[in-house]
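Quick notes on the structure that follows.
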Protein chains: 4
Amino acid sequence: MARIRLGMVGGGNDAFIGGVHRIAARIDDRFELVAGALSSTPEKSAASAKALGIARSYGSFTEMAKAEATREDGIEAVAIVTPNHVHAAAAQAFLEQGIHVICDKPLTSTMEDAHALEKAVADSASLFVLTHNYTGYPMIRQARAMVASGELGAIRIVHAEYPQDWLTSPMENEGLKQAEWRTDPARSGAGGSVGDIGTHAHNLACFVSGLNVECLAADLQCWGAGRALDDNAHVMLRFEGGARGMLWSSQVAPGNENALKLRIYGEKGGLEWAQEDPNYLWHTPHGEPKRLLTRNGAGATEASSAVSRIPGGHPEGYLEGFATIYNEAADAIRAVQGGTDRASAMGHLPDISSGMAGMRFINACVTSSSENAAWTNL
Amino acid sequence: MARIRLGMVGGGNDAFIGGVHRIAARIDDRFELVAGALSSTPEKSAASAKALGIARSYGSFTEMAKAEATREDGIEAVAIVTPNHVHAAAAQAFLEQGIHVICDKPLTSTMEDAHALEKAVADSASLFVLTHNYTGYPMIRQARAMVASGELGAIRIVHAEYPQDWLTSPMENEGLKQAEWRTDPARSGAGGSVGDIGTHAHNLACFVSGLNVECLAADLQCWGAGRALDDNAHVMLRFEGGARGMLWSSQVAPGNENALKLRIYGEKGGLEWAQEDPNYLWHTPHGEPKRLLTRNGAGATEASSAVSRIPGGHPEGYLEGFATIYNEAADAIRAVQGGTDRASAMGHLPDISSGMAGMRFINACVTSSSENAAWTNL
Amino acid sequence: MARIRLGMVGGGNDAFIGGVHRIAARIDDRFELVAGALSSTPEKSAASAKALGIARSYGSFTEMAKAEATREDGIEAVAIVTPNHVHAAAAQAFLEQGIHVICDKPLTSTMEDAHALEKAVADSASLFVLTHNYTGYPMIRQARAMVASGELGAIRIVHAEYPQDWLTSPMENEGLKQAEWRTDPARSGAGGSVGDIGTHAHNLACFVSGLNVECLAADLQCWGAGRALDDNAHVMLRFEGGARGMLWSSQVAPGNENALKLRIYGEKGGLEWAQEDPNYLWHTPHGEPKRLLTRNGAGATEASSAVSRIPGGHPEGYLEGFATIYNEAADAIRAVQGGTDRASAMGHLPDISSGMAGMRFINACVTSSSENAAWTNL
Amino acid sequence: MARIRLGMVGGGNDAFIGGVHRIAARIDDRFELVAGALSSTPEKSAASAKALGIARSYGSFTEMAKAEATREDGIEAVAIVTPNHVHAAAAQAFLEQGIHVICDKPLTSTMEDAHALEKAVADSASLFVLTHNYTGYPMIRQARAMVASGELGAIRIVHAEYPQDWLTSPMENEGLKQAEWRTDPARSGAGGSVGDIGTHAHNLACFVSGLNVECLAADLQCWGAGRALDDNAHVMLRFEGGARGMLWSSQVAPGNENALKLRIYGEKGGLEWAQEDPNYLWHTPHGEPKRLLTRNGAGATEASSAVSRIPGGHPEGYLEGFATIYNEAADAIRAVQGGTDRASAMGHLPDISSGMAGMRFINACVTSSSENAAWTNL
């Protein structure tokens, strides 16, 4: 089957997440990157495109969307990998041209932008895929399937955490570009750690439990001197249907790199998963020995094996989980091109509603914290 | 040096914690158990005393306190290991007779009892030691010393959790005596999981950080059908001086036995300790490789080595940590007998103020939760 | 820089390692797969090529080597991913045409073939890269650099092991193709577990320690009923210069997937690395706390960061380590094309001499074992 | 039941293992230590006895054996905790007086002494218990029972290792008493690491597998400058009945404290246990998920629970495992005093035959290594 022609907005030199998207798009050989508006100026963009061997470079995403839409061999999909405040406008530009959008998270930097984008997606026939990449990890898929099948019984407790340590010191004042925009409300939005990584923890908690957060009580803190956004957040969760949870995001917890962790307990058993060791899933059926399930190993089910590439004991990692989102996006694009309706084509893929849930999560955290941790609906 | 003559209240057959106290008292050979009021009836008490080789058995703690006080060779100290609602009256009976008290936690089952006991301790010259046994673990001692010495810088974040799974099913309806009284407000007090194990997590968080909890917001739940007390609790903490924290206690988290865990982060580094693997302490100085410190191994300091018995790599466990409390209680008893003032003699030992802090913690959790997780002062 | 035109021999449907090579070749975007002789018949080859979107399919590697050599746009390099007994002839065919060879391990199935191939490489100006892929893991690179820099002092002890469990039951009699050829001397060669995975352990031990094995004493066993090749091997090692070691390979150790593990001890410290958790490296300087080094985390050095793609805490895995071999092969190919001499261009890459060392290791194991574990020179 | 009157030979100030024996004897309250010949001179012995509160001190074990045998309230058993070369004579002195002996391992320092002691035991009606304390760990008991019940099927492979690092530097030249005698052939015997810790690994491998070592091939090394005994040993094992194994002992592997580890694989599954984390036992039934069994937790059986004191998740350690040997020795002593025959009374307890097997293991290692690792029968 022919590869999907892909464009990219953002992801020039110095960017972290753009390179990740490019590798992820390549791993399963479903995409061909042919166009880009990679940087903030036409010159920088062209230089980056040349270095990466990308055929067509544009000075802006607006220009790119229009030009590509008129070409016979124009891009079929675009990956948006800019800082958060650019997501909405860029995505709208391509959706308006009927080009499928694969967009990094969080959805946007403001609720206003999010609503506009939500409307744009509704008005379009194109796909909008949000790269909540952790949902692509095989053992996360298996965990979700185990919960859905009732193996844990009714879910009672959900704990999600995502601690990091990279902002323990004020890196944003020391020229680290990643730190600069991620601590800047104008580019990141109202949430600091809750927006950048808390949304991942929230998304994963919901994805695996199959439950939505109804309301939350949040205590946000800002430890970095002069920092405008939260860098540590404590959140209590109440889910629809009665389950309860806790969520912690932090950028100031020394010794934690990307220590995203999920624990779920039901009346019949528990599950535990850690992003830094993603090929393992602890399953603790109540009253039985703990079981360590491994990707493509004994105890692995179709849900995880279907998104695995290599045998158990040969670890897959972050890039492969990310690639699964791209691979499934490719399936979805080919499906809608073939006439399948958009909702069916999306399947498990995180979509605009995941993005809106994330935005509501960020806003509820910020609002709750400003009201002394009052319970706030999402 | 002669062994201290010890009595025991509670701890007859079927009891769990009584046997633990007896082993703990023996390990360092500082006590001799010579008297007991071990059960609820004189007959049962006598039978248990005989089985354990305890010389003198009494029908009640009242009788025992009076009789022992009049003997030349009467007990110097008593261990109180009954259900919570008996602690206060028993402790008072011995304090009034000038007999030192070593009492299990939590302090009492009601705040009223706690205040009465607090007064009794104040009015007495005898020692009151509360067996917050986890403070006896060597690596906990080292953690506390590292924080105190400033090795972590100013403390920002404290996370403590103590999940268990033994009440996942309603064991209290199936004849398990331990489950019966621990889920009964009349015997346990207002707190379920927060009283039984949350107090341990709270105590450890304060002991190691050197900080007191100023206020908290708690969301308590009760998952066991018909259960009167919380079996799962989510708590956000604010410490005096500004540090923030989270605390989780649970008796319904399948796969967790006694998974007490503490994580502390300061501006210069972090520490992580788990009770089930107590000979290890992770130290993560910011920007340096993670270090795994081991009891009596490389990186161990005087604070931990002083309360260790055997070389690194030969694990000490729960009983040894508990024994350290007894060993230090013996030191304290001999010290006050030798004229040292009570406060100096106590040193690190958990005392009535630890007990009162625990009671305030339980009450604040229950109050906050009943007010929809409103911030509640301790 | 333009992508290198790549061909592939073997790797049709049902094959495991062919797919791995293709992903590995794609991850860093240095190769374009344009030709193949993927299966044992022209029809099957064509079907596989079509399914994979490979432009040109050939009925045999001989045909392919000749045809591609005459095309302007012919392949610059070929990946050989067949069962072991085909390696030599295929590699020779392409070397004779001046096409660079990337070949799976072990080198060949017989010593005779190995010598012929060694000569063919010597007679050619083309590169011969052996995919000892585990040498591509970042923390293995760091371990090697740490040993080389003297951080461990003189090396005393080297332990390598590679246990698996997939042949615990006689899968070769149950239609598993992978099991069939790997237990067949005609296709695998004289070594069973020692050839398939013992060579990896041997290679890694030498790669990291910088030492060659001088002689060994081996006790090979065959537990599978009717199996012709060893499925479990115990080996004692003596290295040039005096270091000693042990090596274990097994295909019948239940609970082990691909549990390749390396431990090295010198007079100043130790290192420990496990393939299933490859982003970690334990460093134990003597008399200091254990340190857990992480890929691209605190303590990571240039040696590992240079072959990393993403931040610490986002795990890279087997495919990324494999891709590093391809990436460095691409560098080497472009370098020799630009005039660099072959030896310089190869750098760290495993080459014909690694392959010969592996063959000598296999043969020494088989010989030693047949002589009751007599010490046998490599 | 009355406590058993116990004496001790060795174990004065500065000794490590004597204190361990004393705690172990106290934990389950079955012994009362009333007499000792604790040091090499009467003065030192008396000082140590006084410090420890031991009633009767003797100038030599000979004197003690005779004197105690004539007392009404003389000791019923003696613990021998001297350096190895004293074991035989001391044990014989007490056996001759009809006093039960609990003796540290290895049995003796010479094969000649061992045979003499073996005869003395045969000639006596008293018990001889060798404190191979690791056999007292609950999960080791469970592992043994699981193997015996056939849960692993026929045993194929047994790996045991006991690495330490304390002799990495020449501590014996720096005044460390423990290092002095353990590296001195006159006091330790012919084996260095193989005698001190290799015997533990050997004993545990046999105890759990239920198999005896038939022959071995050993490569012993001595890395410490000027050291007379091996400090690192590589050994290949062949068991009666066909199982094969490897054994490693080391005192020069930086980062290892007391990293005794046992792995056993049968045709139906595997087991893995590590002394430093003794409350866990991995069970890997072939083709099923890995199971982490915990002491007194889900999956624990009678074999482990019978020798546990406290609930799962509250770790027991080295001292409790050691105490189990003492507790069972007390049972055995009371049993033979009550008329049970000696063999029946001993049950699981390590005895003279375990000691002889250990001596044969040491000698075979030394002999094999001196003959270039020739296979040597035990």
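Residues in the structure tokens are numbered from 1 in each chain, the chains being A, B, ... in the order shown, and ligands are numbered from 1 in the order shown.
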key: Selection near stretch 2-12 of chain D, 7 Å with only C-alpha atoms, sequence-local residues under 4 positions removed, as a PyMOL selection string   = chain D and resi 17-19+30-39+45+48+61+75-82
Only residues of chain D matter here; which ones have an atom within 10 Å of chain B, counting only C-alpha atoms? Give them as a PDB file with C-alpha atoms, in the first residue's frame.
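Contents of iface.pdb, freshly written:
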ATOM      1  CA  MET D   1       8.059 -25.182  78.099  1.00  0.00           C
ATOM      2  CA  ALA D   2      11.298 -24.409  79.884  1.00  0.00           C
ATOM      3  CA  ARG D   3      14.087 -22.766  77.952  1.00  0.00           C
ATOM      4  CA  PHE D  16      30.593 -10.887  64.263  1.00  0.00           C
ATOM      5  CA  ILE D  17      28.912 -14.254  64.164  1.00  0.00           C
ATOM      6  CA  GLY D  19      26.299 -11.848  68.319  1.00  0.00           C
ATOM      7  CA  VAL D  20      24.207 -13.198  65.487  1.00  0.00           C
ATOM      8  CA  ARG D  22      22.881 -14.928  70.450  1.00  0.00           C
ATOM      9  CA  ILE D  23      20.115 -12.895  68.850  1.00  0.00           C
ATOM     10  CA  ALA D  24      18.994 -15.904  66.829  1.00  0.00           C
ATOM     11  CA  ALA D  25      18.801 -17.985  70.001  1.00  0.00           C
ATOM     12  CA  ARG D  26      16.688 -15.316  71.705  1.00  0.00           C
ATOM     13  CA  ILE D  27      14.161 -14.457  69.011  1.00  0.00           C
ATOM     14  CA  ASP D  28      11.886 -17.403  69.616  1.00  0.00           C
ATOM     15  CA  ASP D  29      12.630 -17.559  73.345  1.00  0.00           C
ATOM     16  CA  LYS D  50      30.095 -10.020  82.187  1.00  0.00           C
ATOM     17  CA  ALA D  51      29.216  -7.497  79.497  1.00  0.00           C
ATOM     18  CA  LEU D  52      26.682  -9.914  78.068  1.00  0.00           C
ATOM     19  CA  GLY D  53      25.195 -10.926  81.420  1.00  0.00           C
ATOM     20  CA  GLN D 164      30.780 -10.119  48.021  1.00  0.00           C
ATOM     21  CA  GLY D 255      28.888  -3.595  44.565  1.00  0.00           C
ATOM     22  CA  ASN D 256      28.007  -6.990  46.021  1.00  0.00           C
ATOM     23  CA  GLU D 257      27.452  -7.197  49.748  1.00  0.00           C
ATOM     24  CA  ASN D 258      26.004 -10.645  50.426  1.00  0.00           C
ATOM     25  CA  ALA D 259      24.429 -11.278  47.077  1.00  0.00           C
ATOM     26  CA  LEU D 260      23.716 -14.972  47.495  1.00  0.00           C
ATOM     27  CA  GLN D 275      19.213 -13.519  49.942  1.00  0.00           C
ATOM     28  CA  GLU D 276      19.273  -9.743  50.045  1.00  0.00           C
ATOM     29  CA  ASP D 277      15.533  -9.665  49.270  1.00  0.00           C
ATOM     30  CA  PRO D 278      14.585 -12.893  51.009  1.00  0.00           C
ATOM     31  CA  ASN D 279      10.858 -12.372  51.369  1.00  0.00           C
ATOM     32  CA  THR D 294       5.835 -13.341  48.996  1.00  0.00           C
ATOM     33  CA  ASN D 296       3.037 -15.116  54.173  1.00  0.00           C
ATOM     34  CA  GLY D 297       1.394 -13.529  51.154  1.00  0.00           C
ATOM     35  CA  ALA D 298      -0.739 -14.892  48.362  1.00  0.00           C
ATOM     36  CA  ARG D 309       6.495 -14.961  62.408  1.00  0.00           C
ATOM     37  CA  ILE D 310       4.738 -11.928  61.000  1.00  0.00           C
ATOM     38  CA  PRO D 311       2.373 -11.037  58.147  1.00  0.00           C
ATOM     39  CA  GLY D 312       3.406 -10.660  54.538  1.00  0.00           C
ATOM     40  CA  GLY D 313       4.790  -7.272  53.619  1.00  0.00           C
ATOM     41  CA  HIS D 314       6.487  -6.919  56.971  1.00  0.00           C
ATOM     42  CA  PRO D 315       9.923  -8.176  56.050  1.00  0.00           C
ATOM     43  CA  GLU D 316      11.696 -10.823  58.050  1.00  0.00           C
ATOM     44  CA  GLY D 317      15.432 -10.936  57.554  1.00  0.00           C
ATOM     45  CA  TYR D 318      18.693 -12.697  58.175  1.00  0.00           C
ATOM     46  CA  LEU D 319      18.273 -12.932  61.937  1.00  0.00           C
ATOM     47  CA  GLU D 320      14.846 -14.530  61.695  1.00  0.00           C
TER      48      GLU D 320
END
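The space between atom CA of B:His85 and atom CA of B:Ser109 spans 4.8 Å.
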message = Give me, as a PyMOL selection string, all polymer residues having an atom no more than 10 Å from stretch 123-130 of chain C, counting only C-alpha atoms and skipping those fewer than 2 positions away in the same chain.
response = chain C and resi 76-80+91-92+94-107+117-121+132-133+325-326+328-329+332-333+336-337+341-343+345-346+349-355
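Closest approach to A:Ile197 among A:Ala65, A:Leu247, A:Val158, A:Ala90: A:Leu247, based on only C-alpha atoms.
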key: Per-residue DSSP, stretch 118-335 of chain C, filtered to helix (DSSP H, G or I), as a ChimeraX atom specification   = /C:118-123,133-136,138-148,171-173,177-182,185-188,193-209,302-305,318-335
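Residues of stretch 258-351 of chain B that DSSP places in strand (DSSP E or B), based on the backbone of this structure, are Lys261, Leu262, Arg263, Ile264, Tyr265, Gly266, Gly269, Gly270, Leu271, Glu272, Trp273, Ala274, Tyr280, Leu281, Trp282, His283, Thr284, Pro285, Lys290, Arg291, Leu292, Leu293 and Thr294 of chain B.
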How about saving the chosen residues, N, CA, C and O atoms kept, as a PDB file, in the first residue's frame?
ATOM      1  N   LYS B 261       5.380   3.652  51.896  1.00  0.00           N
ATOM      2  CA  LYS B 261       6.429   4.236  51.060  1.00  0.00           C
ATOM      3  C   LYS B 261       6.515   5.728  51.317  1.00  0.00           C
ATOM      4  O   LYS B 261       5.498   6.399  51.469  1.00  0.00           O
ATOM      5  N   LEU B 262       7.736   6.237  51.320  1.00  0.00           N
ATOM      6  CA  LEU B 262       7.933   7.660  51.584  1.00  0.00           C
ATOM      7  C   LEU B 262       8.837   8.246  50.511  1.00  0.00           C
ATOM      8  O   LEU B 262       9.866   7.667  50.175  1.00  0.00           O
ATOM      9  N   ARG B 263       8.442   9.400  49.981  1.00  0.00           N
ATOM     10  CA  ARG B 263       9.272  10.117  49.008  1.00  0.00           C
ATOM     11  C   ARG B 263       9.340  11.581  49.420  1.00  0.00           C
ATOM     12  O   ARG B 263       8.306  12.200  49.677  1.00  0.00           O
ATOM     13  N   ILE B 264      10.544  12.090  49.472  1.00  0.00           N
ATOM     14  CA  ILE B 264      10.735  13.472  49.895  1.00  0.00           C
ATOM     15  C   ILE B 264      11.636  14.184  48.890  1.00  0.00           C
ATOM     16  O   ILE B 264      12.670  13.641  48.503  1.00  0.00           O
ATOM     17  N   TYR B 265      11.220  15.368  48.478  1.00  0.00           N
ATOM     18  CA  TYR B 265      11.995  16.122  47.502  1.00  0.00           C
ATOM     19  C   TYR B 265      12.292  17.523  48.014  1.00  0.00           C
ATOM     20  O   TYR B 265      11.378  18.226  48.456  1.00  0.00           O
ATOM     21  N   GLY B 266      13.542  17.883  47.961  1.00  0.00           N
ATOM     22  CA  GLY B 266      13.947  19.235  48.312  1.00  0.00           C
ATOM     23  C   GLY B 266      14.562  19.912  47.104  1.00  0.00           C
ATOM     24  O   GLY B 266      14.632  19.332  46.013  1.00  0.00           O
ATOM     25  N   GLY B 269      17.711  17.692  46.145  1.00  0.00           N
ATOM     26  CA  GLY B 269      17.725  16.251  45.933  1.00  0.00           C
ATOM     27  C   GLY B 269      16.499  15.568  46.491  1.00  0.00           C
ATOM     28  O   GLY B 269      15.625  16.223  47.083  1.00  0.00           O
ATOM     29  N   GLY B 270      16.436  14.272  46.305  1.00  0.00           N
ATOM     30  CA  GLY B 270      15.283  13.497  46.749  1.00  0.00           C
ATOM     31  C   GLY B 270      15.699  12.237  47.491  1.00  0.00           C
ATOM     32  O   GLY B 270      16.848  11.785  47.405  1.00  0.00           O
ATOM     33  N   LEU B 271      14.740  11.683  48.224  1.00  0.00           N
ATOM     34  CA  LEU B 271      14.923  10.417  48.936  1.00  0.00           C
ATOM     35  C   LEU B 271      13.682   9.562  48.702  1.00  0.00           C
ATOM     36  O   LEU B 271      12.568  10.086  48.616  1.00  0.00           O
ATOM     37  N   GLU B 272      13.881   8.270  48.639  1.00  0.00           N
ATOM     38  CA  GLU B 272      12.748   7.364  48.462  1.00  0.00           C
ATOM     39  C   GLU B 272      13.014   6.098  49.273  1.00  0.00           C
ATOM     40  O   GLU B 272      14.095   5.514  49.185  1.00  0.00           O
ATOM     41  N   TRP B 273      12.020   5.682  50.023  1.00  0.00           N
ATOM     42  CA  TRP B 273      12.170   4.513  50.905  1.00  0.00           C
ATOM     43  C   TRP B 273      10.871   3.717  50.908  1.00  0.00           C
ATOM     44  O   TRP B 273       9.781   4.285  50.895  1.00  0.00           O
ATOM     45  N   ALA B 274      11.012   2.399  50.935  1.00  0.00           N
ATOM     46  CA  ALA B 274       9.838   1.522  50.958  1.00  0.00           C
ATOM     47  C   ALA B 274       9.984   0.513  52.086  1.00  0.00           C
ATOM     48  O   ALA B 274      11.012  -0.165  52.187  1.00  0.00           O
ATOM     49  N   TYR B 280      17.160  -0.508  51.883  1.00  0.00           N
ATOM     50  CA  TYR B 280      17.586   0.365  50.792  1.00  0.00           C
ATOM     51  C   TYR B 280      17.056   1.783  50.998  1.00  0.00           C
ATOM     52  O   TYR B 280      15.960   1.977  51.523  1.00  0.00           O
ATOM     53  N   LEU B 281      17.814   2.738  50.555  1.00  0.00           N
ATOM     54  CA  LEU B 281      17.351   4.128  50.523  1.00  0.00           C
ATOM     55  C   LEU B 281      17.885   4.756  49.249  1.00  0.00           C
ATOM     56  O   LEU B 281      19.093   4.817  49.042  1.00  0.00           O
ATOM     57  N   TRP B 282      16.975   5.184  48.396  1.00  0.00           N
ATOM     58  CA  TRP B 282      17.399   5.893  47.189  1.00  0.00           C
ATOM     59  C   TRP B 282      17.687   7.345  47.526  1.00  0.00           C
ATOM     60  O   TRP B 282      16.856   8.013  48.127  1.00  0.00           O
ATOM     61  N   HIS B 283      18.821   7.794  47.112  1.00  0.00           N
ATOM     62  CA  HIS B 283      19.166   9.194  47.241  1.00  0.00           C
ATOM     63  C   HIS B 283      19.442   9.743  45.849  1.00  0.00           C
ATOM     64  O   HIS B 283      20.266   9.197  45.121  1.00  0.00           O
ATOM     65  N   THR B 284      18.733  10.793  45.498  1.00  0.00           N
ATOM     66  CA  THR B 284      18.875  11.345  44.151  1.00  0.00           C
ATOM     67  C   THR B 284      19.255  12.811  44.231  1.00  0.00           C
ATOM     68  O   THR B 284      18.420  13.695  44.097  1.00  0.00           O
ATOM     69  N   PRO B 285      20.563  13.048  44.441  1.00  0.00           N
ATOM     70  CA  PRO B 285      21.026  14.440  44.412  1.00  0.00           C
ATOM     71  C   PRO B 285      20.756  15.005  43.014  1.00  0.00           C
ATOM     72  O   PRO B 285      21.041  14.330  42.018  1.00  0.00           O
ATOM     73  N   LYS B 290      21.501   8.553  40.300  1.00  0.00           N
ATOM     74  CA  LYS B 290      20.775   7.997  41.440  1.00  0.00           C
ATOM     75  C   LYS B 290      21.710   7.120  42.262  1.00  0.00           C
ATOM     76  O   LYS B 290      22.510   6.378  41.704  1.00  0.00           O
ATOM     77  N   ARG B 291      21.559   7.194  43.569  1.00  0.00           N
ATOM     78  CA  ARG B 291      22.389   6.370  44.434  1.00  0.00           C
ATOM     79  C   ARG B 291      21.505   5.463  45.270  1.00  0.00           C
ATOM     80  O   ARG B 291      20.547   5.924  45.873  1.00  0.00           O
ATOM     81  N   LEU B 292      21.887   4.217  45.306  1.00  0.00           N
ATOM     82  CA  LEU B 292      21.168   3.270  46.148  1.00  0.00           C
ATOM     83  C   LEU B 292      22.001   3.028  47.399  1.00  0.00           C
ATOM     84  O   LEU B 292      23.013   2.328  47.355  1.00  0.00           O
ATOM     85  N   LEU B 293      21.569   3.636  48.483  1.00  0.00           N
ATOM     86  CA  LEU B 293      22.274   3.460  49.749  1.00  0.00           C
ATOM     87  C   LEU B 293      21.736   2.201  50.425  1.00  0.00           C
ATOM     88  O   LEU B 293      20.552   1.900  50.345  1.00  0.00           O
ATOM     89  N   THR B 294      22.630   1.481  51.083  1.00  0.00           N
ATOM     90  CA  THR B 294      22.201   0.260  51.756  1.00  0.00           C
ATOM     91  C   THR B 294      22.591   0.313  53.228  1.00  0.00           C
ATOM     92  O   THR B 294      23.607   0.908  53.589  1.00  0.00           O
TER      93      THR B 294
END
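Take atom CA of A:Asn232 and atom CA of B:Met236: the distance between them is 12.8 Å.
Look at stretch 200-209 of chain B: the protein and nucleic acid residues within 6 Å of it, using only C-alpha atoms and passing over chain neighbours fewer than 6 places away, are Arg144, Ala160 and Glu161 of chain B.
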Could you write those residues out with all heavy atoms, as a compact mmCIF listing (two decimals), in the first residue's frame?
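And here is the file that came out, result.txt:
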# COMPACT_ATOMS: atom_id res chain seq x y z
N ARG B 144 16.18 10.76 57.84
CA ARG B 144 15.91 11.90 58.72
C ARG B 144 17.17 12.74 58.93
O ARG B 144 17.13 13.98 58.85
CB ARG B 144 15.40 11.37 60.06
CG ARG B 144 15.20 12.42 61.14
CD ARG B 144 14.80 11.71 62.44
NE ARG B 144 14.89 12.55 63.61
CZ ARG B 144 13.87 13.23 64.15
NH1 ARG B 144 12.68 13.15 63.59
NH2 ARG B 144 14.03 13.97 65.21
N ALA B 160 3.64 10.36 51.06
CA ALA B 160 3.64 9.15 51.90
C ALA B 160 2.43 8.32 51.53
O ALA B 160 1.35 8.85 51.27
CB ALA B 160 3.59 9.54 53.37
N GLU B 161 2.61 7.02 51.50
CA GLU B 161 1.47 6.17 51.20
C GLU B 161 1.61 4.86 51.95
O GLU B 161 2.72 4.40 52.23
CB GLU B 161 1.33 5.92 49.70
CG GLU B 161 2.48 5.21 49.06
CD GLU B 161 2.32 5.09 47.54
OE1 GLU B 161 1.91 6.07 46.91
OE2 GLU B 161 2.62 4.01 47.01
ask   = So how far away is atom CA of C:Glu172 from atom CA of A:Met139, in Å?
value = 28.9 Å
